[in-house]
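Raw contents of structure27.cif, mmCIF, C-alpha atoms:
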data_run
#
loop_
_atom_site.label_atom_id
_atom_site.label_comp_id
_atom_site.auth_asym_id
_atom_site.auth_seq_id
_atom_site.Cartn_x
_atom_site.Cartn_y
_atom_site.Cartn_z
CA MET J 1 19.11 8.78 -5.80
CA VAL J 2 18.02 9.45 -9.42
CA GLY J 3 19.86 6.33 -10.55
CA ALA J 4 18.08 4.28 -7.89
CA ILE J 5 14.72 5.59 -9.14
CA GLN J 6 15.51 4.92 -12.80
CA LYS J 7 16.74 1.36 -12.24
CA PRO J 8 13.30 -0.11 -11.35
CA LYS J 9 11.82 1.72 -14.37
CA LYS J 10 14.37 0.07 -16.67
CA LYS J 11 13.52 -3.34 -15.22
CA TRP J 12 9.81 -2.71 -15.77
CA ARG J 13 10.41 -1.61 -19.38
CA LEU J 14 12.56 -4.65 -20.10
CA PHE J 15 10.04 -7.01 -18.47
CA LEU J 16 7.09 -5.52 -20.40
CA SER J 17 9.04 -5.63 -23.67
CA LEU J 18 9.98 -9.31 -23.28
CA THR J 19 6.47 -10.25 -22.11
CA THR J 20 4.85 -8.45 -25.04
CA LEU J 21 7.21 -10.18 -27.46
CA ILE J 22 6.36 -13.62 -26.01
CA LEU J 23 2.60 -12.94 -26.12
CA LEU J 24 2.69 -11.66 -29.70
CA CYS J 25 4.80 -14.60 -30.92
CA ASN J 26 2.40 -17.08 -29.35
CA PHE J 27 -0.64 -15.22 -30.69
CA PHE J 28 0.51 -15.08 -34.30
CA VAL J 29 1.90 -18.62 -34.49
CA TYR J 30 -1.66 -19.98 -34.08
CA ARG J 31 -2.77 -17.86 -37.03
CA LEU J 32 -0.49 -19.81 -39.36
CA GLU J 33 -2.00 -22.36 -41.70
CA GLU J 34 0.01 -25.13 -40.08
CA VAL J 35 0.85 -24.91 -36.37
CA PRO J 36 4.19 -26.56 -35.48
CA GLU J 37 3.91 -29.84 -33.59
CA GLY J 38 4.38 -29.44 -29.86
CA MET J 39 3.57 -25.74 -30.02
CA VAL J 40 0.87 -26.06 -27.35
CA ILE J 41 3.40 -27.33 -24.81
CA GLY J 42 5.75 -24.51 -25.80
CA SER J 43 3.00 -21.93 -25.27
CA ILE J 44 2.15 -23.30 -21.83
CA VAL J 45 5.82 -23.20 -20.86
CA ASP J 46 6.08 -19.61 -22.15
CA LEU J 47 2.93 -18.33 -20.43
CA MET J 48 3.01 -20.26 -17.15
CA ILE J 49 6.75 -20.65 -16.55
CA VAL J 50 8.87 -18.24 -18.60
CA ILE J 51 6.78 -15.09 -18.01
CA PRO J 52 6.38 -15.76 -14.24
CA LEU J 53 10.14 -16.33 -14.00
CA LEU J 54 10.74 -13.01 -15.79
CA ALA J 55 8.32 -11.35 -13.39
CA TYR J 56 10.13 -12.88 -10.43
CA PHE J 57 13.65 -11.84 -11.44
CA PHE J 58 12.74 -8.38 -12.77
CA ILE J 59 9.90 -7.27 -10.47
CA ILE J 60 8.90 -9.53 -7.59
CA ARG J 61 12.18 -10.68 -6.04
CA ARG J 62 13.00 -9.06 -2.66
CA ARG J 63 9.97 -6.78 -2.78
CA HIS J 64 6.84 -8.95 -2.90
CA SER J 65 5.60 -12.26 -1.55
CA PHE J 66 5.43 -15.51 -3.47
CA LYS J 67 1.65 -15.03 -3.52
CA THR J 68 2.24 -12.29 -6.08
CA LEU J 69 4.05 -14.81 -8.26
CA SER J 70 1.06 -17.15 -8.06
CA LEU J 71 -1.13 -14.34 -9.40
CA VAL J 72 1.23 -13.97 -12.37
CA ILE J 73 0.97 -17.73 -13.02
CA ALA J 74 -2.83 -17.48 -12.85
CA ALA J 75 -2.71 -14.62 -15.36
CA GLY J 76 -0.52 -16.76 -17.64
CA TYR J 77 -3.06 -19.57 -17.36
CA GLY J 78 -5.80 -17.16 -18.41
CA ALA J 79 -3.69 -15.90 -21.30
CA ALA J 80 -3.26 -19.50 -22.49
CA TRP J 81 -7.03 -19.96 -22.59
CA ILE J 82 -7.34 -16.79 -24.70
CA ILE J 83 -4.39 -17.26 -27.07
CA VAL J 84 -4.38 -21.03 -27.72
CA PRO J 85 -7.39 -22.25 -29.76
CA ASN J 86 -9.68 -24.74 -27.97
CA ASP J 87 -9.05 -27.54 -30.47
CA HIS J 88 -5.32 -27.42 -29.58
CA LEU J 89 -5.94 -27.25 -25.82
CA SER J 90 -8.28 -30.26 -26.02
CA SER J 91 -5.25 -32.36 -27.02
CA LEU J 92 -3.86 -31.77 -23.50
CA PRO J 93 -6.37 -33.20 -21.01
CA PHE J 94 -4.11 -32.27 -18.09
CA PHE J 95 -4.20 -28.53 -18.90
CA LYS J 96 -7.29 -27.77 -16.82
CA TYR J 97 -5.53 -29.19 -13.75
CA LEU J 98 -2.31 -27.17 -14.14
CA LEU J 99 -3.61 -24.07 -12.36
CA PHE J 100 -4.86 -26.10 -9.39
CA ALA J 101 -1.48 -27.84 -9.14
CA ALA J 102 0.44 -24.54 -9.28
CA GLU J 103 -1.85 -22.82 -6.78
CA GLY J 104 -1.65 -25.89 -4.52
CA ALA J 105 2.14 -25.66 -4.47
CA PHE J 106 2.00 -21.99 -3.54
CA LEU J 107 -0.65 -22.70 -0.89
CA LEU J 108 1.74 -25.18 0.73
CA LEU J 109 4.46 -22.53 0.62
CA GLU J 110 2.16 -19.94 2.23
CA LEU J 111 1.19 -22.45 4.93
CA TYR J 112 4.88 -23.00 5.62
CA ILE J 113 5.35 -19.23 6.00
CA ALA J 114 2.23 -19.01 8.19
CA PHE J 115 3.62 -21.74 10.45
CA HIS J 116 6.79 -19.69 11.07
CA ILE J 117 4.68 -16.59 11.75
CA ILE J 118 2.46 -18.43 14.26
CA LYS J 119 5.57 -19.60 16.14
CA ARG J 120 6.49 -15.93 16.70
CA ILE J 121 3.07 -14.77 17.93
CA PRO J 122 3.92 -15.00 21.68
CA LYS J 123 7.06 -12.90 21.14
CA LEU J 124 5.16 -10.38 18.99
CA TRP J 125 2.36 -10.08 21.56
CA THR J 126 4.81 -9.47 24.40
CA TYR J 127 6.62 -6.82 22.36
CA THR J 128 3.29 -5.18 21.45
CA LYS J 129 2.40 -4.81 25.15
CA GLU J 130 5.86 -3.39 25.89
CA LEU J 131 5.32 -0.72 23.22
CA LYS J 132 2.08 0.37 24.90
CA ALA J 133 3.95 0.96 28.14
CA VAL J 134 6.57 3.03 26.31
CA ASP J 135 4.56 5.33 24.02
CA GLY J 136 0.86 4.50 24.48
CA ASP J 137 0.32 4.10 20.73
CA PHE J 138 -2.85 2.54 19.35
CA PHE J 139 -3.00 -1.24 18.84
CA PRO J 140 -2.67 -1.48 15.01
CA HIS J 141 0.46 0.71 15.05
CA ARG J 142 2.01 -1.23 17.94
CA LEU J 143 1.35 -4.54 16.19
CA GLU J 144 2.81 -3.24 12.92
CA THR J 145 5.91 -1.98 14.73
CA ALA J 146 6.30 -5.30 16.56
CA ILE J 147 6.16 -7.25 13.27
CA GLN J 148 8.62 -4.91 11.55
CA GLU J 149 11.07 -5.17 14.45
CA ASN J 150 10.87 -8.94 14.90
CA MET J 151 10.33 -10.50 11.48
CA SER J 152 10.39 -9.96 7.73
CA ALA J 153 6.69 -9.69 6.91
CA PRO J 154 5.49 -10.95 3.50
CA LEU J 155 3.26 -8.71 1.42
CA PHE J 156 -0.03 -10.35 2.44
CA ILE J 157 0.73 -9.67 6.13
CA LYS J 158 1.29 -5.98 5.32
CA ILE J 159 -2.04 -5.91 3.47
CA TYR J 160 -3.78 -7.50 6.46
CA LEU J 161 -2.23 -4.87 8.74
CA THR J 162 -3.66 -2.09 6.57
CA GLU J 163 -7.10 -3.71 6.67
CA LEU J 164 -6.81 -4.14 10.44
CA SER J 165 -6.02 -0.44 10.86
CA LEU J 166 -8.86 0.54 8.52
CA PHE J 167 -11.54 -1.36 10.42
CA TYR J 168 -10.06 -0.52 13.80
CA TYR J 169 -10.23 3.21 13.13
CA SER J 170 -13.57 3.19 11.28
CA LEU J 171 -15.45 0.93 13.73
CA PHE J 172 -13.72 0.62 17.10
CA SER J 173 -11.93 3.90 17.82
CA TRP J 174 -14.80 6.30 18.41
CA LYS J 175 -14.41 6.26 22.21
CA LYS J 176 -10.63 6.70 22.04
CA LYS J 177 -8.95 9.97 22.90
CA ALA J 178 -6.19 11.64 20.94
CA LEU J 179 -2.56 10.94 21.87
CA VAL J 180 -1.89 14.40 23.27
CA THR J 181 1.40 15.39 24.90
CA LYS J 182 3.04 18.76 25.52
CA ASP J 183 4.70 18.42 22.11
CA SER J 184 1.63 17.41 20.06
CA PHE J 185 0.51 19.43 17.05
CA THR J 186 -2.66 19.03 15.00
CA LEU J 187 -2.92 19.19 11.22
CA HIS J 188 -6.63 19.58 10.50
CA HIS J 189 -8.38 21.94 12.96
CA LYS J 190 -7.89 25.04 10.82
CA THR J 191 -8.83 23.31 7.57
CA SER J 192 -12.02 22.02 5.96
CA THR J 193 -10.75 18.42 6.01
CA MET J 194 -13.64 17.02 8.06
CA ALA J 195 -16.25 18.90 6.03
CA LEU J 196 -14.66 17.59 2.82
CA TYR J 197 -14.70 13.99 4.05
CA ILE J 198 -18.31 14.25 5.28
CA MET J 199 -19.39 15.72 1.95
CA VAL J 200 -17.71 12.84 0.07
CA ILE J 201 -19.41 10.25 2.32
CA HIS J 202 -22.77 11.96 1.73
CA ALA J 203 -22.23 11.89 -2.06
CA ILE J 204 -21.18 8.20 -2.00
CA LEU J 205 -24.25 7.17 -0.02
CA LEU J 206 -26.63 9.02 -2.34
CA GLU J 207 -24.87 7.67 -5.43
CA SER J 208 -24.85 4.12 -4.04
CA VAL J 209 -28.60 3.96 -3.47
CA GLY J 210 -29.60 5.32 -6.88
CA LEU J 211 -26.89 3.63 -8.96
CA HIS J 212 -27.34 0.27 -7.23
CA PHE J 213 -31.00 -0.04 -8.25
CA LEU J 214 -30.25 1.26 -11.75
CA LEU J 215 -27.41 -1.19 -12.34
CA HIS J 216 -29.30 -4.06 -10.69
CA GLN J 217 -31.77 -4.03 -13.57
CA TRP J 218 -28.89 -4.38 -16.05
CA ASN J 219 -26.42 -6.65 -14.19
CA PRO J 220 -26.99 -7.64 -10.52
CA ILE J 221 -23.38 -8.82 -10.06
CA VAL J 222 -21.91 -5.48 -11.19
CA SER J 223 -24.37 -3.57 -8.98
CA TRP J 224 -23.40 -5.57 -5.88
CA ILE J 225 -19.66 -5.25 -6.62
CA LEU J 226 -20.04 -1.47 -6.94
CA LEU J 227 -22.09 -1.31 -3.74
CA ILE J 228 -19.42 -3.25 -1.80
CA LEU J 229 -16.68 -0.97 -3.16
CA ASN J 230 -18.68 2.11 -2.11
CA ILE J 231 -19.21 0.73 1.40
CA TYR J 232 -15.49 -0.02 1.64
CA THR J 233 -14.75 3.56 0.54
CA VAL J 234 -17.01 4.92 3.29
CA PHE J 235 -15.14 2.83 5.88
CA PHE J 236 -11.85 4.11 4.44
CA ILE J 237 -12.93 7.76 4.79
CA LEU J 238 -14.24 7.19 8.32
CA ALA J 239 -10.86 5.65 9.20
CA GLN J 240 -9.11 8.71 7.76
CA ILE J 241 -11.31 11.03 9.85
CA GLN J 242 -10.49 9.12 13.00
CA GLY J 243 -6.83 8.92 12.05
CA PHE J 244 -6.55 12.70 11.83
CA ARG J 245 -8.50 13.16 15.06
CA LEU J 246 -6.51 10.65 17.11
CA ASN J 247 -2.99 11.06 15.70
CA PRO J 248 -1.55 14.56 16.00
CA VAL J 249 2.06 15.12 15.02
CA ARG J 250 4.21 14.26 18.04
CA ILE J 251 7.76 15.09 19.05
CA THR J 252 9.09 12.57 21.55
CA GLU J 253 12.48 12.44 23.24
CA ASP J 254 14.09 10.70 20.28
CA GLN J 255 11.82 10.94 17.23
CA LEU J 256 9.29 12.92 15.22
CA ILE J 257 6.08 10.97 14.53
CA ILE J 258 3.83 12.08 11.68
CA ARG J 259 0.65 10.26 10.62
CA ILE J 260 -1.66 11.36 7.82
CA GLY J 261 -4.96 9.88 8.88
CA PHE J 262 -4.48 6.15 9.24
CA ALA J 263 -3.12 5.65 5.73
CA SER J 264 0.50 6.85 5.84
CA ARG J 265 3.12 7.57 8.46
CA ILE J 266 6.77 8.29 9.05
CA ASN J 267 8.84 8.06 12.24
CA ILE J 268 12.00 10.15 11.98
CA PRO J 269 14.82 9.91 14.55
CA LEU J 270 15.60 13.42 15.77
CA LYS J 271 19.28 12.84 15.01
CA ALA J 272 18.35 12.33 11.34
CA ILE J 273 16.80 15.81 11.07
CA LYS J 274 19.15 18.35 9.52
CA SER J 275 16.97 21.47 9.81
CA VAL J 276 13.44 22.85 9.82
CA LYS J 277 12.70 26.07 7.95
CA GLU J 278 9.94 28.07 6.29
CA TYR J 279 8.88 26.58 2.98
CA GLU J 280 9.86 28.89 0.13
CA GLY J 281 9.33 26.59 -2.83
CA PRO J 282 6.71 26.72 -5.58
CA GLU J 283 3.07 25.78 -5.05
CA LYS J 284 3.52 22.75 -7.29
CA MET J 285 6.66 20.68 -6.77
CA GLU J 286 8.77 19.22 -9.51
CA LYS J 287 7.93 15.60 -10.25
CA GLU J 288 11.35 14.25 -9.27
CA LYS J 289 11.36 16.10 -5.95
CA ALA J 290 7.84 14.91 -5.15
CA LYS J 291 9.11 11.32 -5.29
CA THR J 292 11.42 11.96 -2.33
CA THR J 293 9.08 14.19 -0.33
CA PHE J 294 6.61 13.15 2.39
CA GLN J 295 3.57 15.44 2.20
CA ALA J 296 2.15 15.98 5.70
CA ILE J 297 -0.80 18.11 4.64
CA ALA J 298 -4.45 17.47 5.44
CA PRO J 299 -6.70 17.44 2.35
CA ASP J 300 -8.84 20.53 1.83
CA PHE J 301 -11.21 22.05 -0.72
CA ILE J 302 -8.40 24.35 -1.87
CA GLU J 303 -4.88 22.92 -1.87
CA GLU J 304 -2.54 25.07 0.24
CA LYS J 305 1.24 25.33 0.14
CA PRO J 306 3.28 23.73 2.94
CA GLN J 307 4.29 26.06 5.77
CA LEU J 308 7.50 24.27 6.77
CA GLU J 309 10.15 22.10 5.16
CA ILE J 310 12.06 19.54 7.22
CA LEU J 311 15.37 18.48 5.67
CA LEU J 312 16.95 15.15 6.62
CA ASN J 313 20.58 14.12 6.96
CA GLU J 314 19.83 10.82 5.24
CA PRO J 315 16.76 9.31 3.51
CA GLN J 316 14.10 7.83 5.79
CA LYS J 317 11.41 5.26 5.01
CA ALA J 318 7.78 6.41 4.92
CA TYR J 319 5.05 3.76 5.21
CA LEU J 320 2.03 3.93 2.91
CA LEU J 321 -1.03 1.76 2.33
CA TYR J 322 -0.82 -2.02 1.85
CA GLY J 323 2.85 -2.37 2.71
CA LEU J 324 4.12 0.17 0.19
CA THR J 325 7.06 2.30 1.27
CA LYS J 326 8.77 5.44 0.03
CA SER J 327 12.28 6.74 0.69
CA VAL J 328 12.13 10.47 1.49
CA SER J 329 14.75 13.17 1.97
CA GLN J 330 12.46 15.97 3.12
CA ILE J 331 9.04 16.49 4.70
CA HIS J 332 6.64 19.25 3.71
CA ILE J 333 4.16 19.94 6.46
CA ARG J 334 1.20 22.23 7.17
CA LEU J 335 0.00 22.56 10.79
CA ASP J 336 -2.53 24.49 12.84
CA ASP J 337 0.31 26.11 14.82
CA PRO J 338 3.48 26.01 12.68
CA SER J 339 5.42 28.51 14.82
CA ALA J 340 5.05 26.45 18.00
CA PHE J 341 5.98 23.27 16.11
CA LYS J 342 9.08 24.84 14.58
CA LEU J 343 10.20 26.17 17.97
CA ALA J 344 9.67 22.81 19.69
CA LEU J 345 11.40 20.77 16.97
CA THR J 346 14.34 23.20 16.73
CA ARG J 347 14.79 23.00 20.48
CA LYS J 348 14.81 19.19 20.38
CA ILE J 349 17.30 18.79 17.54
CA THR J 350 19.75 21.39 18.89
CA THR J 351 19.94 20.12 22.48
#
Could you spell out this file's structure in structure tokens?
Amino acid sequence: MVGAIQKPKKKWRLFLSLTTLILLCNFFVYRLEEVPEGMVIGSIVDLMIVIPLLAYFFIIRRRHSFKTLSLVIAAGYGAAWIIVPNDHLSSLPFFKYLLFAAEGAFLLLELYIAFHIIKRIPKLWTYTKELKAVDGDFFPHRLETAIQENMSAPLFIKIYLTELSLFYYSLFSWKKKALVTKDSFTLHHKTSTMALYIMVIHAILLESVGLHFLLHQWNPIVSWILLILNIYTVFFILAQIQGFRLNPVRITEDQLIIRIGFASRINIPLKAIKSVKEYEGPEKMEKEKAKTTFQAIAPDFIEEKPQLEILLNEPQKAYLLYGLTKSVSQIHIRLDDPSAFKLALTRKITT
């Protein structure tokens, strides 16, 4: 497990080292008294082809969509504008069209991917309705499950799913009722989670009004960007409030379902659970252990220790915001009724 964690770090370090070397070489060569002939073409190749290829092979491959690669190319294009003097760029009249050509190629690729996704919509919709009949889950979760089960979703689809869940919970879920069963357990009733969230919303609204008018006098664009970000944050917090209210921890016939607001979740097959016991660890976990631990604890004014620790037979995937995932070997959880939860889960995994 430690080796698996260190491997991506080594790739990042190697990628950043090579990229820094390329950028520095290109920067200093234009500070020479005489720039080598054809250097401009070499710089464009370095910044818009070599660095994106390094990013693809070291970072992007198998984990991100091709859209991410297009952003790296766009960044390389911007770096070329900054590093290469204008009098050298003016010798290449086609340079200003390179970014449009590259983005156009990636747009065609994304359209090709979108076409294959659209072909699967009828199957996904049917599967989504079947999931409702089985577990009664809310629409964004059913749609996400249907996509995960029936196709390999690119990164931008995962981002759209997060945004769909955010606006669903913050705007359209207020008349919904919690998914309560005989084996449902709440996380937030005996905490100050809701009071904390409401206080944060109140502070954001007050800060937005005053700061918006203050910044507007200095830079209207910055003031509007900040205002939009603050509004988005309010929607995010409202979605979290509704996520906690509507999604208690549930133990079904074959799995344990834990959702922290709307933002993160994990579905654990009961057969993958090794044991559930009282948490006896320190208040603050070691950094390495935290990387493989799913924290199922509602936020509060004062951070409390977990009550229970659930150990797993094998690592399970936890789903976070915007398509990010995390492989976990244990779950630390704090509930309103930990004794009843422990009894119910123990009964399920031993029968």
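Using all atoms listed in the file, the contacts of Lys317 of chain J at a cut-off of 10 Å, with sequence neighbours closer than 3 positions omitted, comprise Arg265, Ile266, Asn267, Ile268, Thr292, Phe294, Leu320, Thr325, Lys326, Ser327, Val328 and Ser329 of chain J.
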Using all atoms listed in the file, I'd like a table of the residues in segment 214-325 of chain J that come within 9 Å of segment 330-335 of chain J; for each, show the closest atom pair and its distance in Å rounded to one decimal, ordered by chain and ascending number, as CSV.
residue,atom,partner,partner_atom,distance
J:Val249,CA,J:Leu335,CA,8.8
J:Tyr279,CA,J:His332,CA,7.7
J:Thr292,CA,J:Gln330,CA,6.8
J:Thr293,CA,J:Gln330,CA,5.1
J:Phe294,CA,J:Ile331,CA,4.7
J:Gln295,CA,J:His332,CA,5.1
J:Ala296,CA,J:Ile333,CA,4.5
J:Ile297,CA,J:Arg334,CA,5.2
J:Ala298,CA,J:Arg334,CA,7.6
J:Glu304,CA,J:Arg334,CA,8.4
J:Lys305,CA,J:Arg334,CA,7.7
J:Pro306,CA,J:Arg334,CA,4.9
J:Gln307,CA,J:Arg334,CA,5.1
J:Leu308,CA,J:Ile333,CA,5.5
J:Glu309,CA,J:His332,CA,4.7
J:Ile310,CA,J:Ile331,CA,5.0
J:Leu311,CA,J:Gln330,CA,4.6
J:Leu312,CA,J:Gln330,CA,5.8
J:Pro315,CA,J:Gln330,CA,7.9
J:Gln316,CA,J:Gln330,CA,8.7
Might you spell out which residues the PyMOL selection byres ((chain J and resi 270) around 8) would select in the displayed file, as number ranges by chain? J: 254-256, 268-269, 271-273, 348-349
Find the residues around Glu144 of chain J up to 12 Å (only C-alpha atoms counted), leave out those fewer than 4 positions away in its own chain, and share them as a list in words.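 Skipping anything fewer than 4 positions along the chain leaves Leu124, Trp125, Tyr127, Thr128, Leu131, Asp137, Phe138, Phe139, Pro140, Gln148, Glu149, Asn150, Met151, Ser152, Ala153, Ile157, Lys158, Ile159, Tyr160, Leu161, Thr162, Glu163, Leu164, Ser165, Arg265, Tyr319, Tyr322 and Gly323 of chain J.
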Using only C-alpha atoms, please write the residues we just selected to a file, as a compact mmCIF listing (two decimals), in the coordinates of the input.
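Result file follows (result_32.txt):
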# COMPACT_ATOMS: atom_id res chain seq x y z
CA LEU J 124 5.16 -10.38 18.99
CA TRP J 125 2.36 -10.08 21.56
CA TYR J 127 6.62 -6.82 22.36
CA THR J 128 3.29 -5.18 21.45
CA LEU J 131 5.32 -0.72 23.22
CA ASP J 137 0.32 4.10 20.73
CA PHE J 138 -2.85 2.54 19.35
CA PHE J 139 -3.00 -1.24 18.84
CA PRO J 140 -2.67 -1.48 15.01
CA GLN J 148 8.62 -4.91 11.55
CA GLU J 149 11.07 -5.17 14.45
CA ASN J 150 10.87 -8.94 14.90
CA MET J 151 10.33 -10.50 11.48
CA SER J 152 10.39 -9.96 7.73
CA ALA J 153 6.69 -9.69 6.91
CA ILE J 157 0.73 -9.67 6.13
CA LYS J 158 1.29 -5.98 5.32
CA ILE J 159 -2.04 -5.91 3.47
CA TYR J 160 -3.78 -7.50 6.46
CA LEU J 161 -2.23 -4.87 8.74
CA THR J 162 -3.66 -2.09 6.57
CA GLU J 163 -7.10 -3.71 6.67
CA LEU J 164 -6.81 -4.14 10.44
CA SER J 165 -6.02 -0.44 10.86
CA ARG J 265 3.12 7.57 8.46
CA TYR J 319 5.05 3.76 5.21
CA TYR J 322 -0.82 -2.02 1.85
CA GLY J 323 2.85 -2.37 2.71
Smallest atom-to-atom distance to Leu71 of chain J: which of J:Leu187, J:Ala55, J:Ile231, J:Leu16, using only C-alpha atoms?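 The closest residue to Leu71 of chain J is J:Ala55.
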Between atom CA of Arg250 of chain J and atom CA of Asp183 of chain J, what is the distance in Å, rounded to a tenth? 5.8 Å
Determine the residue membership of the PyMOL selection byres ((chain J and resi 245) around 9) for the file above and supply it as a ChimeraX atom specification. /J:177-178,186,188,240-244,246-248,261
Quick one: distance from atom CA of Ser192 of chain J to atom CA of Phe236 of chain J in Å, one decimal?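 Atom CA of Ser192 of chain J sits 18.0 Å away from atom CA of Phe236 of chain J.
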Result set, the PyMOL selection byres ((chain J and resi 84) around 10) on current file, as JSON, numbers by chain: {"J": [26, 27, 29, 30, 31, 39, 40, 43, 44, 79, 80, 81, 82, 83, 85, 86, 87, 88, 89]}
Quick one: of J:Pro36, J:Gly76, J:Pro299, J:Gly210, who's nearest to Val50 of chain J, counting only C-alpha atoms?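 Looking only at the distances to Val50 of chain J, the closest residue turns out to be J:Gly76.
Picture a line from atom CA of Tyr169 of chain J to atom CA of Glu253 of chain J; it runs 26.5 Å.
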Pick from J:Ala263, J:Ile198, J:Leu171, J:Ala74, whichever lies nearest to Phe235 of chain J using all atoms listed in the file: J:Leu171
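Candidate residues J:Glu130, J:Glu207, J:Ile41, J:Phe15 were compared for distance to Phe57 of chain J, and the nearest is J:Phe15, using only C-alpha atoms.
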Please, can segment 49-55 of chain J be completed to all heavy atoms and returned as a CSV table (one decimal), keeping the file's coordinate frame?
chain,number,residue,atom,x,y,z
J,49,ILE,N,5.4,-20.5,-17.2
J,49,ILE,CA,6.8,-20.6,-16.6
J,49,ILE,C,7.7,-19.5,-16.9
J,49,ILE,O,8.3,-18.9,-16.0
J,49,ILE,CB,7.4,-22.0,-16.9
J,49,ILE,CG1,6.5,-23.2,-16.5
J,49,ILE,CG2,8.8,-22.1,-16.4
J,49,ILE,CD1,7.0,-24.5,-16.8
J,50,VAL,N,7.9,-19.3,-18.2
J,50,VAL,CA,8.9,-18.2,-18.6
J,50,VAL,C,8.5,-16.9,-18.1
J,50,VAL,O,9.3,-16.1,-17.5
J,50,VAL,CB,9.1,-18.3,-20.1
J,50,VAL,CG1,10.0,-17.1,-20.5
J,50,VAL,CG2,9.7,-19.6,-20.6
J,51,ILE,N,7.2,-16.4,-18.4
J,51,ILE,CA,6.8,-15.1,-18.0
J,51,ILE,C,6.8,-14.9,-16.5
J,51,ILE,O,7.3,-13.9,-16.0
J,51,ILE,CB,5.4,-14.8,-18.6
J,51,ILE,CG1,5.5,-14.6,-20.1
J,51,ILE,CG2,4.8,-13.5,-18.0
J,51,ILE,CD1,4.2,-14.3,-20.8
J,52,PRO,N,6.3,-15.9,-15.7
J,52,PRO,CA,6.4,-15.8,-14.2
J,52,PRO,C,7.8,-15.7,-13.8
J,52,PRO,O,8.1,-14.9,-12.8
J,52,PRO,CB,5.7,-17.0,-13.7
J,52,PRO,CG,4.7,-17.4,-14.8
J,52,PRO,CD,5.4,-17.0,-16.1
J,53,LEU,N,8.7,-16.4,-14.4
J,53,LEU,CA,10.1,-16.3,-14.0
J,53,LEU,C,10.7,-14.9,-14.3
J,53,LEU,O,11.4,-14.4,-13.5
J,53,LEU,CB,11.0,-17.4,-14.7
J,53,LEU,CG,10.8,-18.8,-14.2
J,53,LEU,CD1,11.6,-19.8,-15.0
J,53,LEU,CD2,11.3,-18.9,-12.7
J,54,LEU,N,10.3,-14.4,-15.5
J,54,LEU,CA,10.7,-13.0,-15.8
J,54,LEU,C,10.2,-12.0,-14.8
J,54,LEU,O,10.9,-11.1,-14.3
J,54,LEU,CB,10.3,-12.6,-17.2
J,54,LEU,CG,10.9,-13.3,-18.4
J,54,LEU,CD1,10.2,-12.9,-19.7
J,54,LEU,CD2,12.4,-13.0,-18.5
J,55,ALA,N,8.9,-12.2,-14.4
J,55,ALA,CA,8.3,-11.4,-13.4
J,55,ALA,C,9.0,-11.5,-12.1
J,55,ALA,O,9.3,-10.5,-11.4
J,55,ALA,CB,6.8,-11.7,-13.2
